[in-house]
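> target-v3.pdb is reproduced in full below (PDB, C-alpha atoms).
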```pdb
ATOM      1  CA  MET O   1      16.863 -75.514 184.177
ATOM      2  CA  GLU O   2      16.178 -72.136 182.576
ATOM      3  CA  ARG O   3      12.617 -70.845 182.614
ATOM      4  CA  ASN O   4      11.313 -68.861 179.637
ATOM      5  CA  GLU O   5       8.297 -66.618 180.053
ATOM      6  CA  ILE O   6       6.443 -64.331 177.743
ATOM      7  CA  ASN O   7       4.163 -61.700 179.244
ATOM      8  CA  SER O   8       2.130 -59.762 176.742
ATOM      9  CA  GLY O   9      -1.121 -58.123 175.825
ATOM     10  CA  SER O  10      -2.741 -59.054 172.541
ATOM     11  CA  ILE O  11      -0.314 -60.784 170.193
ATOM     12  CA  THR O  12      -2.710 -61.401 167.322
ATOM     13  CA  GLY O  13      -0.766 -61.550 164.071
ATOM     14  CA  SER O  14       2.551 -62.140 165.840
ATOM     15  CA  VAL O  15       4.996 -65.007 165.979
ATOM     16  CA  VAL O  16       6.343 -65.584 169.491
ATOM     17  CA  VAL O  17       9.249 -67.872 170.373
ATOM     18  CA  ALA O  18      10.613 -68.497 173.861
ATOM     19  CA  GLY O  19      14.062 -69.882 174.489
ATOM     20  CA  SER O  20      17.556 -69.213 173.285
ATOM     21  CA  GLY O  21      19.216 -70.283 170.083
ATOM     22  CA  ASN O  22      15.907 -71.129 168.407
ATOM     23  CA  THR O  23      15.448 -70.891 164.672
ATOM     24  CA  ILE O  24      12.006 -70.524 163.165
ATOM     25  CA  ASN O  25      10.602 -70.446 159.671
ATOM     26  CA  THR O  26       7.017 -69.265 159.410
ATOM     27  CA  LYS O  27       4.460 -67.863 157.022
ATOM     28  CA  LEU O  28       1.905 -65.397 158.295
ATOM     29  CA  ARG O  29      -1.595 -65.845 156.911
ATOM     30  CA  VAL O  30      -3.926 -62.943 157.456
ATOM     31  CA  ALA O  31      -7.580 -63.815 157.942
ATOM     32  CA  LEU O  32     -10.142 -61.106 157.336
ATOM     33  CA  GLN O  33     -13.827 -60.920 157.993
ATOM     34  CA  ASN O  34     -15.648 -61.871 154.838
ATOM     35  CA  LYS O  35     -17.755 -58.757 154.749
ATOM     36  CA  ALA O  36     -18.851 -57.245 151.442
ATOM     37  CA  ALA O  37     -18.846 -53.486 151.065
ATOM     38  CA  SER O  38     -22.341 -52.062 151.280
ATOM     39  CA  ALA O  39     -23.869 -49.844 148.632
ATOM     40  CA  THR O  40     -23.763 -46.948 151.096
ATOM     41  CA  ASP O  41     -20.041 -47.527 151.546
ATOM     42  CA  PRO O  42     -18.574 -47.202 148.017
ATOM     43  CA  VAL O  43     -14.979 -48.282 147.513
ATOM     44  CA  ASP O  44     -12.572 -46.090 145.565
ATOM     45  CA  ILE O  45     -10.785 -48.933 143.823
ATOM     46  CA  ARG O  46      -8.076 -46.675 142.391
ATOM     47  CA  ALA O  47      -7.277 -45.353 145.873
ATOM     48  CA  GLU O  48      -7.137 -48.907 147.250
ATOM     49  CA  PHE O  49      -4.782 -49.895 144.449
ATOM     50  CA  ALA O  50      -2.609 -46.812 145.103
ATOM     51  CA  GLU O  51      -2.277 -47.759 148.792
ATOM     52  CA  LEU O  52      -1.458 -51.363 147.933
ATOM     53  CA  ARG O  53       1.142 -50.180 145.428
ATOM     54  CA  LYS O  54       2.741 -47.803 147.938
ATOM     55  CA  ILE O  55       3.211 -50.618 150.474
ATOM     56  CA  LEU O  56       4.485 -53.163 147.930
ATOM     57  CA  GLU O  57       6.972 -50.718 146.400
ATOM     58  CA  GLN O  58       8.590 -50.160 149.804
ATOM     59  CA  LEU O  59       9.458 -53.838 150.256
ATOM     60  CA  GLN O  60      13.147 -54.721 150.154
ATOM     61  CA  THR O  61      13.324 -57.719 147.854
ATOM     62  CA  PRO O  62      15.385 -58.882 144.883
ATOM     63  CA  ASP O  63      12.035 -59.252 143.044
ATOM     64  CA  GLN O  64      11.180 -55.542 143.379
ATOM     65  CA  GLY O  65      11.469 -55.006 139.597
ATOM     66  CA  LYS O  66       9.013 -57.842 138.956
ATOM     67  CA  ILE O  67       6.611 -56.450 141.560
ATOM     68  CA  ARG O  68       6.752 -52.992 139.945
ATOM     69  CA  ARG O  69       6.156 -54.381 136.459
ATOM     70  CA  ALA O  70       3.136 -56.374 137.663
ATOM     71  CA  LEU O  71       1.779 -53.286 139.431
ATOM     72  CA  ASP O  72       2.366 -51.200 136.286
ATOM     73  CA  ASP O  73       0.323 -53.739 134.301
ATOM     74  CA  ALA O  74      -2.518 -53.592 136.846
ATOM     75  CA  GLY O  75      -2.406 -49.788 137.021
ATOM     76  CA  GLU O  76      -2.442 -49.429 133.249
ATOM     77  CA  GLU O  77      -5.501 -51.664 132.971
ATOM     78  CA  LEU O  78      -7.235 -49.998 135.916
ATOM     79  CA  ALA O  79      -6.877 -46.597 134.205
ATOM     80  CA  LYS O  80      -8.995 -47.752 131.256
ATOM     81  CA  PRO O  81     -12.702 -46.824 131.227
ATOM     82  CA  GLU O  82     -13.641 -50.506 130.749
ATOM     83  CA  ALA O  83     -10.958 -52.189 132.840
ATOM     84  CA  ASN O  84     -10.457 -55.923 132.312
ATOM     85  CA  LYS O  85     -10.751 -57.388 135.810
ATOM     86  CA  ALA O  86      -9.079 -60.647 134.770
ATOM     87  CA  GLU O  87      -5.957 -58.766 133.661
ATOM     88  CA  ILE O  88      -5.914 -56.703 136.854
ATOM     89  CA  GLY O  89      -6.396 -59.797 139.003
ATOM     90  CA  GLY O  90      -3.636 -61.660 137.192
ATOM     91  CA  ALA O  91      -1.210 -58.772 137.600
ATOM     92  CA  LEU O  92      -2.053 -58.404 141.308
ATOM     93  CA  LYS O  93      -1.615 -62.132 141.807
ATOM     94  CA  ARG O  94       1.877 -61.907 140.263
ATOM     95  CA  ALA O  95       2.860 -58.924 142.428
ATOM     96  CA  LEU O  96       1.555 -60.522 145.622
ATOM     97  CA  GLY O  97       3.221 -63.812 144.737
ATOM     98  CA  TYR O  98       6.624 -62.127 144.541
ATOM     99  CA  ALA O  99       5.963 -60.205 147.762
ATOM    100  CA  GLY O 100       4.859 -63.396 149.503
ATOM    101  CA  LYS O 101       8.337 -64.887 149.046
ATOM    102  CA  LEU O 102       9.672 -62.528 151.725
ATOM    103  CA  ALA O 103      10.240 -64.202 155.063
ATOM    104  CA  ASP O 104       9.762 -60.935 156.988
ATOM    105  CA  LEU O 105       6.499 -59.724 155.457
ATOM    106  CA  GLY O 106       4.704 -59.631 158.859
ATOM    107  CA  ASP O 107       3.890 -55.931 159.448
ATOM    108  CA  GLU O 108       3.429 -55.224 155.753
ATOM    109  CA  ALA O 109       0.996 -58.157 155.485
ATOM    110  CA  MET O 110      -1.203 -56.500 158.095
ATOM    111  CA  LYS O 111      -1.067 -53.197 156.165
ATOM    112  CA  LEU O 112      -1.779 -54.895 152.829
ATOM    113  CA  ALA O 113      -4.687 -57.025 154.030
ATOM    114  CA  PRO O 114      -7.551 -54.468 153.948
ATOM    115  CA  HIS O 115      -6.551 -53.233 150.491
ATOM    116  CA  ILE O 116      -6.218 -56.762 149.112
ATOM    117  CA  HIS O 117      -9.628 -57.605 150.562
ATOM    118  CA  LYS O 118     -11.346 -54.635 148.900
ATOM    119  CA  LEU O 119      -9.610 -55.276 145.570
ATOM    120  CA  ALA O 120     -10.540 -58.976 145.675
ATOM    121  CA  ASP O 121     -14.173 -58.085 146.441
ATOM    122  CA  TRP O 122     -14.227 -55.691 143.474
ATOM    123  CA  LEU O 123     -12.586 -58.228 141.151
ATOM    124  CA  GLY O 124     -15.139 -60.902 142.024
ATOM    125  CA  SER O 125     -15.309 -64.296 143.696
ATOM    126  CA  GLU O 126     -12.866 -65.934 141.281
ATOM    127  CA  TRP O 127     -10.133 -63.718 142.770
ATOM    128  CA  SER O 128     -10.694 -64.689 146.407
ATOM    129  CA  SER O 129      -7.364 -66.549 146.137
ATOM    130  CA  LEU O 130      -5.662 -63.151 146.484
ATOM    131  CA  LEU O 131      -6.659 -63.294 150.167
ATOM    132  CA  THR O 132      -4.520 -66.355 150.933
TER     133      THR O 132
END
```
Would it be possible to restate this file's structure as structure tokens?


Amino acid sequence: MERNEINSGSITGSVVVAGSGNTINTKLRVALQNKAASATDPVDIRAEFAELRKILEQLQTPDQGKIRRALDDAGEELAKPEANKAEIGGALKRALGYAGKLADLGDEAMKLAPHIHKLADWLGSEWSSLLT
């Protein structure tokens, strides 16, 4: 009988499989502290969106064109003096939905999480679904 061992430090946010010839199918769900930004800690929402965009545009997916178009919609609305949060939220939801179809989103999910959290906080409670 073969013995499989895994020795590791912290593996938070990882998927670990022991054995040989195993096949797995998993979705990584990132949980964040539900902590609102304080008034002394203002969020530059355009900078957060720019970081989110940079990460999403680097993904290798057949839906990359759809992701870019959704991000263009959000960016266009965000550039307006009176941005419509519902339009921005809808566009972000579309982009993240296409990105979420990737089986190997793991590391990028960890990079995306803080930006998604700040954008969802700014958009309001009705957009907390962006966090799942």

> Given the PyMOL selection byres ((chain O and resi 61) around 12) and the file above, list the residues it selects as a list of chain:residue names.

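Evaluating the PyMOL selection byres ((chain O and resi 61) around 12) on this file yields O:Leu56, O:Glu57, O:Gln58, O:Leu59, O:Gln60, O:Pro62, O:Asp63, O:Gln64, O:Gly65, O:Lys66, O:Ile67, O:Arg68, O:Ala95, O:Tyr98, O:Ala99, O:Gly100, O:Lys101, O:Leu102, O:Ala103, O:Asp104, O:Leu105.
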
> Could you jot down the CA of Glu82 in chain O to CA of Leu123 in chain O separation for me, Å, one decimal place?

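A separation of 13.0 Å between them.
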
> Just the number, please: distance in Å from CA of Asp44 in chain O to CA of Ser128 in chain O, one decimal.

18.7 Å

> Might you pull out every residue within 8 Å of range 112-116 of chain O, with all atoms listed in the file counted and same-chain residues fewer than 4 positions away left off, and present them as JSON, numbers by chain?

{"O": [30, 32, 48, 49, 51, 52, 55, 108, 120, 130, 131]}

> Expressed in Å to a single decimal, how great is the separation between CA of Arg53 in chain O and CA of Asp72 in chain O?

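It comes out at 9.3 Å.
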
> Tell me which of O:Leu92, O:Gly75, O:Trp127, O:Gly97 sits closest to Ala47 in chain O, counting only C-alpha atoms.

O:Gly75

> Which residue is closest to Gly124 in chain O? Choose from O:Met110, O:Leu71, O:Leu96, O:Ile88 and count only C-alpha atoms.

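Residue with the minimum atom-to-atom distance to Gly124 in chain O: O:Ile88.
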
> Kindly resolve the PyMOL selection byres ((chain O and resi 85) around 12) on the present coordinates and return the residues as a ChimeraX atom specification.

/O:45,73-84,86-93,119-127
